[in-house]
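> protein.cif is reproduced below (mmCIF, N, CA and C atoms).
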data_data
loop_
_atom_site.label_atom_id
_atom_site.label_comp_id
_atom_site.auth_asym_id
_atom_site.auth_seq_id
_atom_site.Cartn_x
_atom_site.Cartn_y
_atom_site.Cartn_z
N MET A 1 61.42 -64.03 -76.12
CA MET A 1 60.14 -64.25 -75.60
C MET A 1 59.79 -65.73 -75.67
N GLU A 2 60.27 -66.29 -76.69
CA GLU A 2 60.02 -67.73 -76.84
C GLU A 2 60.69 -68.46 -75.70
N SER A 3 61.80 -68.05 -75.32
CA SER A 3 62.53 -68.70 -74.24
C SER A 3 61.78 -68.54 -72.94
N ASN A 4 61.16 -67.38 -72.73
CA ASN A 4 60.34 -67.20 -71.52
C ASN A 4 59.12 -68.12 -71.53
N LYS A 5 58.59 -68.28 -72.71
CA LYS A 5 57.42 -69.14 -72.83
C LYS A 5 57.80 -70.59 -72.53
N VAL A 6 58.91 -71.03 -73.03
CA VAL A 6 59.38 -72.40 -72.78
C VAL A 6 59.70 -72.55 -71.31
N LYS A 7 60.34 -71.54 -70.76
CA LYS A 7 60.69 -71.57 -69.35
C LYS A 7 59.41 -71.63 -68.52
N PHE A 8 58.42 -70.85 -68.91
CA PHE A 8 57.17 -70.82 -68.17
C PHE A 8 56.46 -72.18 -68.25
N CYS A 9 56.47 -72.75 -69.43
CA CYS A 9 55.83 -74.07 -69.61
C CYS A 9 56.59 -75.13 -68.82
N ALA A 10 57.91 -75.07 -68.85
CA ALA A 10 58.71 -76.05 -68.11
C ALA A 10 58.47 -75.89 -66.62
N GLU A 11 58.43 -74.65 -66.19
CA GLU A 11 58.20 -74.39 -64.77
C GLU A 11 56.79 -74.83 -64.38
N HIS A 12 55.84 -74.56 -65.23
CA HIS A 12 54.46 -74.97 -64.96
C HIS A 12 54.35 -76.51 -64.93
N GLN A 13 55.03 -77.15 -65.85
CA GLN A 13 55.02 -78.61 -65.91
C GLN A 13 55.71 -79.18 -64.67
N SER A 14 56.80 -78.53 -64.25
CA SER A 14 57.53 -78.97 -63.07
C SER A 14 56.65 -78.86 -61.83
N ARG A 15 55.91 -77.75 -61.70
CA ARG A 15 55.02 -77.60 -60.55
C ARG A 15 53.88 -78.61 -60.60
N ALA A 16 53.36 -78.89 -61.76
CA ALA A 16 52.28 -79.88 -61.91
C ALA A 16 52.80 -81.25 -61.52
N SER A 17 54.03 -81.58 -61.92
CA SER A 17 54.63 -82.87 -61.57
C SER A 17 54.82 -82.98 -60.07
N GLU A 18 55.32 -81.89 -59.48
CA GLU A 18 55.52 -81.89 -58.03
C GLU A 18 54.18 -82.10 -57.31
N THR A 19 53.14 -81.45 -57.80
CA THR A 19 51.81 -81.59 -57.21
C THR A 19 51.34 -83.04 -57.34
N GLN A 20 51.58 -83.62 -58.50
CA GLN A 20 51.20 -85.03 -58.70
C GLN A 20 52.00 -85.95 -57.78
N ILE A 21 53.29 -85.66 -57.68
CA ILE A 21 54.16 -86.48 -56.81
C ILE A 21 53.70 -86.36 -55.36
N LEU A 22 53.38 -85.15 -54.91
CA LEU A 22 52.89 -84.97 -53.55
C LEU A 22 51.57 -85.71 -53.34
N GLY A 23 50.69 -85.65 -54.35
CA GLY A 23 49.42 -86.38 -54.26
C GLY A 23 49.64 -87.88 -54.18
N ILE A 24 50.59 -88.37 -54.97
CA ILE A 24 50.89 -89.81 -54.96
C ILE A 24 51.50 -90.20 -53.62
N ARG A 25 52.41 -89.36 -53.10
CA ARG A 25 53.02 -89.66 -51.79
C ARG A 25 51.93 -89.69 -50.70
N LYS A 26 51.00 -88.76 -50.79
CA LYS A 26 49.91 -88.72 -49.83
C LYS A 26 49.06 -89.99 -49.95
N ASP A 27 48.79 -90.41 -51.18
CA ASP A 27 48.04 -91.64 -51.40
C ASP A 27 48.80 -92.86 -50.86
N ILE A 28 50.11 -92.89 -51.06
CA ILE A 28 50.94 -93.99 -50.57
C ILE A 28 50.89 -94.04 -49.04
N GLU A 29 51.01 -92.89 -48.39
CA GLU A 29 50.95 -92.84 -46.93
C GLU A 29 49.58 -93.33 -46.44
N HIS A 30 48.54 -92.90 -47.14
CA HIS A 30 47.20 -93.33 -46.77
C HIS A 30 47.05 -94.85 -46.94
N LEU A 31 47.55 -95.39 -48.04
CA LEU A 31 47.48 -96.83 -48.27
C LEU A 31 48.28 -97.60 -47.22
N LYS A 32 49.45 -97.06 -46.82
CA LYS A 32 50.25 -97.70 -45.77
C LYS A 32 49.45 -97.74 -44.47
N TYR A 33 48.78 -96.65 -44.15
CA TYR A 33 47.97 -96.58 -42.95
C TYR A 33 46.83 -97.60 -43.00
N VAL A 34 46.14 -97.66 -44.17
CA VAL A 34 45.02 -98.59 -44.33
C VAL A 34 45.51 -100.04 -44.21
N ILE A 35 46.65 -100.35 -44.84
CA ILE A 35 47.22 -101.70 -44.77
C ILE A 35 47.57 -102.04 -43.33
N ASN A 36 48.18 -101.10 -42.62
CA ASN A 36 48.56 -101.32 -41.22
C ASN A 36 47.31 -101.60 -40.37
N GLU A 37 46.24 -100.82 -40.57
CA GLU A 37 45.00 -101.02 -39.82
C GLU A 37 44.38 -102.38 -40.15
N LEU A 38 44.40 -102.75 -41.42
CA LEU A 38 43.85 -104.05 -41.82
C LEU A 38 44.65 -105.20 -41.21
N GLU A 39 45.97 -105.06 -41.16
CA GLU A 39 46.80 -106.10 -40.54
C GLU A 39 46.47 -106.22 -39.05
N LYS A 40 46.25 -105.08 -38.39
CA LYS A 40 45.87 -105.11 -36.97
C LYS A 40 44.53 -105.82 -36.80
N GLU A 41 43.56 -105.49 -37.66
CA GLU A 41 42.25 -106.12 -37.57
C GLU A 41 42.33 -107.61 -37.85
N CYS A 42 43.14 -107.98 -38.84
CA CYS A 42 43.33 -109.41 -39.14
C CYS A 42 43.93 -110.13 -37.94
N GLU A 43 44.90 -109.53 -37.32
CA GLU A 43 45.53 -110.13 -36.13
C GLU A 43 44.52 -110.26 -35.00
N PHE A 44 43.70 -109.21 -34.81
CA PHE A 44 42.67 -109.26 -33.77
C PHE A 44 41.67 -110.39 -34.05
N ILE A 45 41.23 -110.49 -35.28
CA ILE A 45 40.27 -111.54 -35.65
C ILE A 45 40.88 -112.92 -35.47
N LYS A 46 42.13 -113.07 -35.88
CA LYS A 46 42.79 -114.36 -35.73
C LYS A 46 42.90 -114.74 -34.25
N ASP A 47 43.32 -113.80 -33.42
CA ASP A 47 43.42 -114.07 -31.98
C ASP A 47 42.05 -114.35 -31.38
N HIS A 48 41.05 -113.57 -31.79
CA HIS A 48 39.70 -113.73 -31.27
C HIS A 48 39.14 -115.11 -31.61
N PHE A 49 39.27 -115.51 -32.88
CA PHE A 49 38.75 -116.81 -33.29
C PHE A 49 39.54 -117.95 -32.67
N THR A 50 40.83 -117.79 -32.52
CA THR A 50 41.63 -118.83 -31.89
C THR A 50 41.20 -119.01 -30.45
N THR A 51 40.98 -117.91 -29.75
CA THR A 51 40.52 -117.99 -28.36
C THR A 51 39.13 -118.60 -28.30
N LYS A 52 38.22 -118.14 -29.15
CA LYS A 52 36.86 -118.67 -29.16
C LYS A 52 36.85 -120.15 -29.53
N ASN A 53 37.66 -120.55 -30.51
CA ASN A 53 37.71 -121.96 -30.89
C ASN A 53 38.24 -122.80 -29.74
N GLY A 54 39.23 -122.28 -29.04
CA GLY A 54 39.75 -123.00 -27.87
C GLY A 54 38.68 -123.16 -26.80
N ASP A 55 37.93 -122.08 -26.58
CA ASP A 55 36.83 -122.15 -25.61
C ASP A 55 35.78 -123.16 -26.05
N ARG A 56 35.46 -123.14 -27.31
CA ARG A 56 34.46 -124.09 -27.84
C ARG A 56 34.95 -125.52 -27.72
N LEU A 57 36.22 -125.74 -28.01
CA LEU A 57 36.76 -127.09 -27.87
C LEU A 57 36.70 -127.55 -26.41
N ASP A 58 36.99 -126.66 -25.48
CA ASP A 58 36.88 -127.00 -24.07
C ASP A 58 35.43 -127.35 -23.71
N ASP A 59 34.49 -126.56 -24.23
CA ASP A 59 33.07 -126.84 -23.98
C ASP A 59 32.67 -128.20 -24.55
N VAL A 60 33.16 -128.49 -25.76
CA VAL A 60 32.84 -129.77 -26.39
C VAL A 60 33.43 -130.92 -25.57
N LYS A 61 34.63 -130.75 -25.05
CA LYS A 61 35.24 -131.80 -24.23
C LYS A 61 34.43 -132.03 -22.97
N VAL A 62 33.95 -130.96 -22.35
CA VAL A 62 33.13 -131.10 -21.14
C VAL A 62 31.83 -131.84 -21.47
N LEU A 63 31.18 -131.42 -22.56
CA LEU A 63 29.94 -132.09 -22.97
C LEU A 63 30.18 -133.56 -23.31
N HIS A 64 31.26 -133.83 -23.99
CA HIS A 64 31.60 -135.20 -24.35
C HIS A 64 31.81 -136.04 -23.08
N GLY A 65 32.47 -135.47 -22.09
CA GLY A 65 32.66 -136.17 -20.81
C GLY A 65 31.33 -136.46 -20.14
N ARG A 66 30.43 -135.49 -20.17
CA ARG A 66 29.10 -135.70 -19.56
C ARG A 66 28.34 -136.79 -20.29
N ILE A 67 28.41 -136.77 -21.60
CA ILE A 67 27.71 -137.79 -22.40
C ILE A 67 28.27 -139.17 -22.08
N GLU A 68 29.59 -139.29 -21.98
CA GLU A 68 30.20 -140.58 -21.66
C GLU A 68 29.78 -141.05 -20.28
N GLN A 69 29.73 -140.13 -19.31
CA GLN A 69 29.29 -140.51 -17.97
C GLN A 69 27.84 -141.00 -18.01
N ARG A 70 26.99 -140.30 -18.73
CA ARG A 70 25.59 -140.69 -18.83
C ARG A 70 25.46 -142.05 -19.53
N GLN A 71 26.24 -142.25 -20.57
CA GLN A 71 26.21 -143.52 -21.27
C GLN A 71 26.64 -144.65 -20.35
N GLN A 72 27.68 -144.42 -19.58
CA GLN A 72 28.18 -145.44 -18.65
C GLN A 72 27.12 -145.75 -17.60
N ALA A 73 26.48 -144.71 -17.07
CA ALA A 73 25.43 -144.92 -16.07
C ALA A 73 24.26 -145.71 -16.67
N ASP A 74 23.86 -145.35 -17.89
CA ASP A 74 22.78 -146.08 -18.56
C ASP A 74 23.16 -147.53 -18.81
N LEU A 75 24.39 -147.75 -19.24
CA LEU A 75 24.88 -149.09 -19.50
C LEU A 75 24.85 -149.93 -18.22
N GLU A 76 25.32 -149.36 -17.12
CA GLU A 76 25.30 -150.07 -15.84
C GLU A 76 23.86 -150.36 -15.40
N PHE A 77 22.97 -149.39 -15.58
CA PHE A 77 21.57 -149.57 -15.22
C PHE A 77 20.95 -150.73 -16.01
N HIS A 78 21.16 -150.72 -17.33
CA HIS A 78 20.60 -151.77 -18.18
C HIS A 78 21.21 -153.13 -17.84
N GLU A 79 22.47 -153.15 -17.52
CA GLU A 79 23.14 -154.40 -17.15
C GLU A 79 22.53 -154.95 -15.85
N ASN A 80 22.29 -154.07 -14.88
CA ASN A 80 21.66 -154.50 -13.62
C ASN A 80 20.25 -155.01 -13.86
N VAL A 81 19.49 -154.31 -14.69
CA VAL A 81 18.13 -154.74 -15.00
C VAL A 81 18.17 -156.11 -15.67
N ARG A 82 19.08 -156.29 -16.61
CA ARG A 82 19.19 -157.57 -17.31
C ARG A 82 19.53 -158.70 -16.34
N LYS A 83 20.45 -158.44 -15.42
CA LYS A 83 20.80 -159.46 -14.42
C LYS A 83 19.61 -159.81 -13.55
N LYS A 84 18.89 -158.79 -13.07
CA LYS A 84 17.73 -159.05 -12.22
C LYS A 84 16.65 -159.83 -12.96
N VAL A 85 16.40 -159.46 -14.21
CA VAL A 85 15.39 -160.17 -15.01
C VAL A 85 15.83 -161.62 -15.23
N SER A 86 17.11 -161.81 -15.52
CA SER A 86 17.61 -163.18 -15.73
C SER A 86 17.46 -164.00 -14.46
N GLU A 87 17.79 -163.42 -13.30
CA GLU A 87 17.63 -164.13 -12.03
C GLU A 87 16.17 -164.49 -11.80
N ARG A 88 15.26 -163.55 -12.07
CA ARG A 88 13.83 -163.81 -11.88
C ARG A 88 13.36 -164.93 -12.80
N PHE A 89 13.81 -164.92 -14.06
CA PHE A 89 13.43 -165.97 -14.99
C PHE A 89 13.95 -167.33 -14.53
N GLU A 90 15.17 -167.35 -14.00
CA GLU A 90 15.72 -168.61 -13.50
C GLU A 90 14.88 -169.13 -12.33
N LYS A 91 14.49 -168.23 -11.40
CA LYS A 91 13.66 -168.64 -10.28
C LYS A 91 12.31 -169.16 -10.76
N LEU A 92 11.69 -168.42 -11.69
CA LEU A 92 10.39 -168.85 -12.21
C LEU A 92 10.51 -170.16 -12.97
N ASP A 93 11.59 -170.34 -13.71
CA ASP A 93 11.82 -171.58 -14.45
C ASP A 93 11.95 -172.76 -13.48
N ASP A 94 12.68 -172.56 -12.39
CA ASP A 94 12.82 -173.61 -11.38
C ASP A 94 11.45 -173.95 -10.78
N ARG A 95 10.66 -172.94 -10.47
CA ARG A 95 9.34 -173.18 -9.88
C ARG A 95 8.43 -173.92 -10.86
N ILE A 96 8.47 -173.53 -12.12
CA ILE A 96 7.64 -174.19 -13.13
C ILE A 96 8.07 -175.64 -13.30
N ARG A 97 9.38 -175.89 -13.33
CA ARG A 97 9.89 -177.26 -13.43
C ARG A 97 9.43 -178.09 -12.24
N HIS A 98 9.48 -177.50 -11.06
CA HIS A 98 9.05 -178.17 -9.84
C HIS A 98 7.55 -178.50 -9.92
N LEU A 99 6.75 -177.51 -10.35
CA LEU A 99 5.31 -177.74 -10.47
C LEU A 99 5.01 -178.80 -11.54
N ASP A 100 5.76 -178.79 -12.61
CA ASP A 100 5.57 -179.77 -13.67
C ASP A 100 5.85 -181.17 -13.15
N ARG A 101 6.89 -181.34 -12.37
CA ARG A 101 7.19 -182.65 -11.77
C ARG A 101 6.04 -183.10 -10.85
N TRP A 102 5.56 -182.16 -10.04
CA TRP A 102 4.47 -182.49 -9.13
C TRP A 102 3.20 -182.84 -9.92
N LYS A 103 2.98 -182.14 -11.02
CA LYS A 103 1.79 -182.42 -11.83
C LYS A 103 1.85 -183.86 -12.34
N TRP A 104 2.99 -184.25 -12.91
CA TRP A 104 3.10 -185.61 -13.46
C TRP A 104 3.10 -186.66 -12.34
N ALA A 105 3.70 -186.30 -11.22
CA ALA A 105 3.67 -187.23 -10.08
C ALA A 105 2.23 -187.40 -9.59
N THR A 106 1.47 -186.33 -9.54
CA THR A 106 0.07 -186.38 -9.12
C THR A 106 -0.76 -187.22 -10.09
N TRP A 107 -0.57 -186.99 -11.39
CA TRP A 107 -1.30 -187.77 -12.39
C TRP A 107 -0.95 -189.25 -12.27
N GLY A 108 0.32 -189.51 -12.06
CA GLY A 108 0.74 -190.91 -11.89
C GLY A 108 0.09 -191.53 -10.65
N ALA A 109 0.04 -190.76 -9.55
CA ALA A 109 -0.58 -191.26 -8.33
C ALA A 109 -2.07 -191.50 -8.55
N PHE A 110 -2.77 -190.61 -9.25
CA PHE A 110 -4.19 -190.80 -9.53
C PHE A 110 -4.42 -192.05 -10.36
N ILE A 111 -3.55 -192.29 -11.33
CA ILE A 111 -3.69 -193.48 -12.17
C ILE A 111 -3.50 -194.74 -11.33
N ILE A 112 -2.48 -194.73 -10.49
CA ILE A 112 -2.23 -195.90 -9.63
C ILE A 112 -3.39 -196.10 -8.66
N ILE A 113 -3.87 -195.05 -8.02
CA ILE A 113 -4.98 -195.15 -7.07
C ILE A 113 -6.24 -195.64 -7.80
N GLY A 114 -6.48 -195.10 -8.96
CA GLY A 114 -7.65 -195.54 -9.75
C GLY A 114 -7.54 -197.00 -10.13
N SER A 115 -6.34 -197.43 -10.51
CA SER A 115 -6.15 -198.83 -10.87
C SER A 115 -6.37 -199.72 -9.66
N LEU A 116 -5.81 -199.31 -8.50
CA LEU A 116 -5.97 -200.10 -7.28
C LEU A 116 -7.43 -200.15 -6.85
N ILE A 117 -8.15 -199.04 -6.94
CA ILE A 117 -9.57 -199.03 -6.58
C ILE A 117 -10.34 -199.95 -7.52
N GLY A 118 -10.01 -199.89 -8.78
CA GLY A 118 -10.69 -200.75 -9.76
C GLY A 118 -10.38 -202.22 -9.53
N TYR A 119 -9.21 -202.50 -9.06
CA TYR A 119 -8.81 -203.89 -8.83
C TYR A 119 -9.45 -204.43 -7.56
N PHE A 120 -9.43 -203.61 -6.49
CA PHE A 120 -9.91 -204.11 -5.20
C PHE A 120 -11.42 -203.95 -5.01
N LEU A 121 -12.03 -202.99 -5.58
CA LEU A 121 -13.48 -202.82 -5.42
C LEU A 121 -14.18 -203.47 -6.60
N PRO A 122 -14.99 -204.46 -6.28
CA PRO A 122 -15.69 -205.09 -7.40
C PRO A 122 -16.81 -204.16 -7.86
N GLY A 123 -16.90 -203.97 -9.09
CA GLY A 123 -17.92 -203.13 -9.67
C GLY A 123 -18.72 -203.96 -10.64
N PRO A 124 -19.66 -203.33 -11.30
CA PRO A 124 -20.43 -204.09 -12.29
C PRO A 124 -19.52 -204.55 -13.41
N LYS A 125 -19.67 -205.77 -13.73
CA LYS A 125 -18.83 -206.35 -14.78
C LYS A 125 -19.55 -206.16 -16.11
N LEU A 126 -18.85 -205.78 -17.07
CA LEU A 126 -19.42 -205.59 -18.40
C LEU A 126 -19.18 -206.85 -19.22
N PRO A 127 -20.19 -207.22 -19.90
CA PRO A 127 -19.95 -208.36 -20.78
C PRO A 127 -18.97 -207.98 -21.88
N ILE A 128 -18.20 -208.89 -22.23
CA ILE A 128 -17.14 -208.61 -23.20
C ILE A 128 -17.76 -208.24 -24.55
N GLY A 129 -18.71 -208.90 -25.01
CA GLY A 129 -19.23 -208.59 -26.34
C GLY A 129 -20.56 -207.90 -26.27
N GLY A 130 -21.11 -207.66 -25.11
CA GLY A 130 -22.44 -207.10 -24.99
C GLY A 130 -22.43 -205.61 -24.80
N SER A 131 -23.60 -205.11 -24.61
CA SER A 131 -23.75 -203.69 -24.37
C SER A 131 -24.45 -203.46 -23.07
N LEU A 132 -24.44 -202.29 -22.57
CA LEU A 132 -25.04 -201.96 -21.29
C LEU A 132 -26.57 -201.79 -21.42
N LEU A 133 -27.10 -201.67 -22.49
CA LEU A 133 -28.52 -201.42 -22.66
C LEU A 133 -29.29 -202.63 -22.53
#
Now that the file is in, can you turn its structure into structure tokens?

Amino acid sequence: MESNKVKFCAEHQSRASETQILGIRKDIEHLKYVINELEKECEFIKDHFTTKNGDRLDDVKVLHGRIEQRQQADLEFHENVRKKVSERFEKLDDRIRHLDRWKWATWGAFIIIGSLIGYFLPGPKLPIGGSLL
């Protein structure tokens, strides 16, 4: 009877082990499935972000090109404005120089005319040491 009891315990233990082994195999299969799905998702995410990053880089390049074009246009505009202002200042400077020459020439002519009028037209003579009163 003891032998039957040992046999029964061994058989019971063997069935319990088999059940545990089957449970572990089932868990392993499930983990393999989960790992496989995660690898697929990782690959999808990697491809998705690589594509999106490439698209973003293309967008950035387009924007950068537009900014450079705008900068170049602004630079040309400012350069043209600077040239026009410089030309205007040169013209105004020439005109002012011309007017300044005429001003001094006019003053010189007035002085000469005044001197000639004073020399040729006799006016009241002032006494050298006296006063007009």
> The centre and edge lengths of an axis-aligned box containing all atoms of stretch 33-47 of chain A present in the file, extended by 6 Å on each side, are to be given in Å to one decimal, as AutoDock Vina command-line options.

--center_x 44.5 --center_y -105.7 --center_z -38.1 --size_x 20.5 --size_y 30.2 --size_z 25.5
> Enter the distance from atom C of A:Asp59 to atom N of A:Glu41, in Å, rounded to one decimal.
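Computing the Euclidean distance for atom C of A:Asp59 and atom N of A:Glu41 yields 28.4 Å.
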> Work out how far atom N of A:His30 is from atom C of A:Ile45, in Å to one decimal.
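A separation of 24.4 Å between them.
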> How many Å separate atom CA of A:Lys40 from atom CA of A:Leu22?
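Result for atom CA of A:Lys40 versus atom CA of A:Leu22: 27.0 Å, one decimal.
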